[in-house]
Amino acid sequence: MNKDVFKFPCDYPIKVFGLNQPNLIDTVSTIVERYVGKLHSNQITLKKSSKGKYVSVTIRIIATSRKQLDSINEDLQNCPLVSYLL
């Protein structure tokens, strides 16, 4: 029985929170690009916290498998610049 809640391929948002540092976006993008190929700027949305200390980065991808998503999530969780991952 397939327990996956997603029907692949599917549109999938990756949401990352971290300190507002210049290299956060590039680092997160590089990690995601390892698994999905080159990202286009319209796939990336940024939102700064009210005081500007933190930033949330949302990257919309076309996910192709559970393994792909698990690999992306694991690499992002191991990134020291990432505080939270949704």
# chains A, B, ... in the order shown; residues from 1 in each chain; ligands from 1
>>> residues_around(residues="A:Ile59", least_positions_apart="4", cutoff="8 Å", atoms="only C-alpha atoms", output="list in words")
Pro13, Ile14, Lys15, Gln43, Ile44 and Thr45 of chain A
>>> write_last_selection(atoms="N, CA and C atoms", output="PDB file, in the first residue's frame")
ATOM      1  N   PRO A  13       6.025  23.524  -2.073  1.00  0.00           N
ATOM      2  CA  PRO A  13       6.756  24.661  -1.504  1.00  0.00           C
ATOM      3  C   PRO A  13       7.719  24.198  -0.412  1.00  0.00           C
ATOM      4  N   ILE A  14       8.947  24.656  -0.495  1.00  0.00           N
ATOM      5  CA  ILE A  14       9.947  24.404   0.542  1.00  0.00           C
ATOM      6  C   ILE A  14      10.102  25.718   1.294  1.00  0.00           C
ATOM      7  N   LYS A  15       9.876  25.701   2.603  1.00  0.00           N
ATOM      8  CA  LYS A  15       9.933  26.933   3.392  1.00  0.00           C
ATOM      9  C   LYS A  15      11.028  26.807   4.442  1.00  0.00           C
ATOM     10  N   GLN A  43      10.637  31.397  -8.714  1.00  0.00           N
ATOM     11  CA  GLN A  43      10.345  30.272  -7.825  1.00  0.00           C
ATOM     12  C   GLN A  43      10.683  30.598  -6.371  1.00  0.00           C
ATOM     13  N   ILE A  44      11.365  31.729  -6.143  1.00  0.00           N
ATOM     14  CA  ILE A  44      11.877  32.065  -4.817  1.00  0.00           C
ATOM     15  C   ILE A  44      11.159  33.303  -4.284  1.00  0.00           C
ATOM     16  N   THR A  45      10.619  33.176  -3.065  1.00  0.00           N
ATOM     17  CA  THR A  45       9.952  34.297  -2.408  1.00  0.00           C
ATOM     18  C   THR A  45      10.630  34.523  -1.056  1.00  0.00           C
TER      19      THR A  45
END
>>> select_by_dssp(residues="chain A", states="strand (DSSP E or B)", output="number ranges by chain")
A: 10-19, 44-48, 54-63, 82-85
>>> atom_distance(atom1="atom CA of A:Asp11", atom2="atom CA of A:Tyr35")
14.5 Å
>>> residues_around(residues="A:Leu76", least_positions_apart="4", cutoff="9 Å", atoms="only C-alpha atoms", output="list of chain:residue names")
A:Val16, A:Val28, A:Ile31, A:Val32, A:Ser71, A:Ile72, A:Pro80, A:Leu81, A:Val82, A:Leu85
>>> residues_around(residues="A:Lys7", least_positions_apart="5", cutoff="12 Å", atoms="only C-alpha atoms", output="MDAnalysis selection string")
chainID A and resid 2 12 62:66
>>> write_last_selection(atoms="N, CA and C atoms", output="PDB file, in the first residue's frame")
ATOM      1  N   ASN A   2       0.582   2.180  -0.867  1.00  0.00           N
ATOM      2  CA  ASN A   2       1.346   3.416  -0.980  1.00  0.00           C
ATOM      3  C   ASN A   2       0.823   4.418   0.051  1.00  0.00           C
ATOM      4  N   TYR A  12       5.409  21.831  -5.052  1.00  0.00           N
ATOM      5  CA  TYR A  12       5.753  21.655  -3.641  1.00  0.00           C
ATOM      6  C   TYR A  12       6.523  22.874  -3.129  1.00  0.00           C
ATOM      7  N   ILE A  62       8.827  21.570  -8.574  1.00  0.00           N
ATOM      8  CA  ILE A  62       8.033  20.430  -9.016  1.00  0.00           C
ATOM      9  C   ILE A  62       8.736  19.207  -8.444  1.00  0.00           C
ATOM     10  N   ALA A  63       8.146  18.647  -7.406  1.00  0.00           N
ATOM     11  CA  ALA A  63       8.738  17.475  -6.750  1.00  0.00           C
ATOM     12  C   ALA A  63       8.434  16.235  -7.578  1.00  0.00           C
ATOM     13  N   THR A  64       9.435  15.371  -7.707  1.00  0.00           N
ATOM     14  CA  THR A  64       9.271  14.172  -8.538  1.00  0.00           C
ATOM     15  C   THR A  64       9.197  12.879  -7.736  1.00  0.00           C
ATOM     16  N   SER A  65       9.619  12.927  -6.454  1.00  0.00           N
ATOM     17  CA  SER A  65       9.563  11.700  -5.647  1.00  0.00           C
ATOM     18  C   SER A  65       9.718  12.023  -4.164  1.00  0.00           C
ATOM     19  N   ARG A  66       9.291  11.094  -3.332  1.00  0.00           N
ATOM     20  CA  ARG A  66       9.477  11.215  -1.886  1.00  0.00           C
ATOM     21  C   ARG A  66      10.979  11.238  -1.561  1.00  0.00           C
TER      22      ARG A  66
END
>>> atom_distance(atom1="atom CA of A:Thr27", atom2="atom CA of A:Val57")
11.1 Å
>>> closest_residue(among="A:Phe17, A:Asn23, A:Glu74, A:Leu46", to="A:Leu86", atoms="only C-alpha atoms")
A:Phe17
>>> atom_distance(atom1="atom CA of A:Ser50", atom2="atom CA of A:Gln77")
24.2 Å
>>> residues_around(residues="A:Lys51", least_positions_apart="4", cutoff="12 Å", atoms="only C-alpha atoms", output="PyMOL selection string")
chain A and resi 19-20+47+55
>>> select_by_dssp(residues="chain A", states="helix (DSSP H, G or I)", output="JSON, numbers by chain")
{"A": [24, 25, 26, 27, 28, 29, 30, 31, 32, 33, 34, 35, 36, 41, 42, 43, 66, 67, 68, 69, 70, 71, 72, 73, 74, 75, 76, 77]}
>>> write_last_selection(atoms="N, CA and C atoms", output="PDB file, in the first residue's frame")
ATOM      1  N   LEU A  24      22.442  33.325   2.989  1.00  0.00           N
ATOM      2  CA  LEU A  24      21.376  32.353   3.274  1.00  0.00           C
ATOM      3  C   LEU A  24      20.656  31.928   1.997  1.00  0.00           C
ATOM      4  N   ILE A  25      20.213  32.880   1.207  1.00  0.00           N
ATOM      5  CA  ILE A  25      19.426  32.571   0.018  1.00  0.00           C
ATOM      6  C   ILE A  25      20.247  31.766  -0.982  1.00  0.00           C
ATOM      7  N   ASP A  26      21.496  32.186  -1.217  1.00  0.00           N
ATOM      8  CA  ASP A  26      22.354  31.452  -2.154  1.00  0.00           C
ATOM      9  C   ASP A  26      22.617  30.032  -1.675  1.00  0.00           C
ATOM     10  N   THR A  27      22.855  29.869  -0.382  1.00  0.00           N
ATOM     11  CA  THR A  27      23.135  28.544   0.171  1.00  0.00           C
ATOM     12  C   THR A  27      21.926  27.629   0.050  1.00  0.00           C
ATOM     13  N   VAL A  28      20.761  28.129   0.431  1.00  0.00           N
ATOM     14  CA  VAL A  28      19.533  27.345   0.344  1.00  0.00           C
ATOM     15  C   VAL A  28      19.236  27.001  -1.123  1.00  0.00           C
ATOM     16  N   SER A  29      19.383  27.961  -2.017  1.00  0.00           N
ATOM     17  CA  SER A  29      19.143  27.721  -3.444  1.00  0.00           C
ATOM     18  C   SER A  29      20.083  26.654  -3.991  1.00  0.00           C
ATOM     19  N   THR A  30      21.352  26.717  -3.617  1.00  0.00           N
ATOM     20  CA  THR A  30      22.337  25.738  -4.077  1.00  0.00           C
ATOM     21  C   THR A  30      21.968  24.333  -3.612  1.00  0.00           C
ATOM     22  N   ILE A  31      21.524  24.214  -2.369  1.00  0.00           N
ATOM     23  CA  ILE A  31      21.120  22.901  -1.850  1.00  0.00           C
ATOM     24  C   ILE A  31      19.939  22.358  -2.655  1.00  0.00           C
ATOM     25  N   VAL A  32      18.932  23.176  -2.874  1.00  0.00           N
ATOM     26  CA  VAL A  32      17.741  22.724  -3.610  1.00  0.00           C
ATOM     27  C   VAL A  32      18.102  22.399  -5.060  1.00  0.00           C
ATOM     28  N   GLU A  33      18.971  23.214  -5.672  1.00  0.00           N
ATOM     29  CA  GLU A  33      19.341  23.000  -7.070  1.00  0.00           C
ATOM     30  C   GLU A  33      20.063  21.671  -7.292  1.00  0.00           C
ATOM     31  N   ARG A  34      20.696  21.130  -6.255  1.00  0.00           N
ATOM     32  CA  ARG A  34      21.335  19.814  -6.385  1.00  0.00           C
ATOM     33  C   ARG A  34      20.335  18.746  -6.812  1.00  0.00           C
ATOM     34  N   TYR A  35      19.072  18.938  -6.423  1.00  0.00           N
ATOM     35  CA  TYR A  35      18.046  17.920  -6.645  1.00  0.00           C
ATOM     36  C   TYR A  35      17.022  18.274  -7.713  1.00  0.00           C
ATOM     37  N   VAL A  36      16.918  19.552  -8.057  1.00  0.00           N
ATOM     38  CA  VAL A  36      15.872  19.950  -9.018  1.00  0.00           C
ATOM     39  C   VAL A  36      16.411  20.687 -10.239  1.00  0.00           C
ATOM     40  N   SER A  41      14.241  32.822 -10.740  1.00  0.00           N
ATOM     41  CA  SER A  41      13.955  33.793  -9.671  1.00  0.00           C
ATOM     42  C   SER A  41      12.477  33.825  -9.272  1.00  0.00           C
ATOM     43  N   ASN A  42      11.568  33.493 -10.197  1.00  0.00           N
ATOM     44  CA  ASN A  42      10.140  33.529  -9.840  1.00  0.00           C
ATOM     45  C   ASN A  42       9.728  32.344  -8.966  1.00  0.00           C
ATOM     46  N   GLN A  43      10.637  31.397  -8.714  1.00  0.00           N
ATOM     47  CA  GLN A  43      10.345  30.272  -7.825  1.00  0.00           C
ATOM     48  C   GLN A  43      10.683  30.598  -6.371  1.00  0.00           C
ATOM     49  N   ARG A  66       9.291  11.094  -3.332  1.00  0.00           N
ATOM     50  CA  ARG A  66       9.477  11.215  -1.886  1.00  0.00           C
ATOM     51  C   ARG A  66      10.979  11.238  -1.561  1.00  0.00           C
ATOM     52  N   LYS A  67      11.757  10.418  -2.262  1.00  0.00           N
ATOM     53  CA  LYS A  67      13.208  10.363  -2.021  1.00  0.00           C
ATOM     54  C   LYS A  67      13.848  11.739  -2.280  1.00  0.00           C
ATOM     55  N   GLN A  68      13.424  12.403  -3.350  1.00  0.00           N
ATOM     56  CA  GLN A  68      13.935  13.737  -3.664  1.00  0.00           C
ATOM     57  C   GLN A  68      13.631  14.709  -2.522  1.00  0.00           C
ATOM     58  N   LEU A  69      12.386  14.715  -2.040  1.00  0.00           N
ATOM     59  CA  LEU A  69      12.002  15.620  -0.955  1.00  0.00           C
ATOM     60  C   LEU A  69      12.758  15.299   0.328  1.00  0.00           C
ATOM     61  N   ASP A  70      12.902  14.017   0.642  1.00  0.00           N
ATOM     62  CA  ASP A  70      13.642  13.624   1.845  1.00  0.00           C
ATOM     63  C   ASP A  70      15.096  14.082   1.768  1.00  0.00           C
ATOM     64  N   SER A  71      15.710  13.963   0.602  1.00  0.00           N
ATOM     65  CA  SER A  71      17.108  14.375   0.428  1.00  0.00           C
ATOM     66  C   SER A  71      17.265  15.885   0.586  1.00  0.00           C
ATOM     67  N   ILE A  72      16.353  16.642  -0.017  1.00  0.00           N
ATOM     68  CA  ILE A  72      16.387  18.104   0.113  1.00  0.00           C
ATOM     69  C   ILE A  72      16.225  18.494   1.579  1.00  0.00           C
ATOM     70  N   ASN A  73      15.226  17.916   2.253  1.00  0.00           N
ATOM     71  CA  ASN A  73      14.973  18.245   3.655  1.00  0.00           C
ATOM     72  C   ASN A  73      16.160  17.892   4.545  1.00  0.00           C
ATOM     73  N   GLU A  74      16.769  16.749   4.309  1.00  0.00           N
ATOM     74  CA  GLU A  74      17.923  16.350   5.117  1.00  0.00           C
ATOM     75  C   GLU A  74      19.087  17.326   4.946  1.00  0.00           C
ATOM     76  N   ASP A  75      19.378  17.697   3.705  1.00  0.00           N
ATOM     77  CA  ASP A  75      20.476  18.637   3.462  1.00  0.00           C
ATOM     78  C   ASP A  75      20.182  20.007   4.066  1.00  0.00           C
ATOM     79  N   LEU A  76      18.938  20.459   3.974  1.00  0.00           N
ATOM     80  CA  LEU A  76      18.587  21.757   4.556  1.00  0.00           C
ATOM     81  C   LEU A  76      18.666  21.710   6.083  1.00  0.00           C
ATOM     82  N   GLN A  77      18.235  20.600   6.695  1.00  0.00           N
ATOM     83  CA  GLN A  77      18.310  20.475   8.142  1.00  0.00           C
ATOM     84  C   GLN A  77      19.752  20.460   8.643  1.00  0.00           C
TER      85      GLN A  77
END
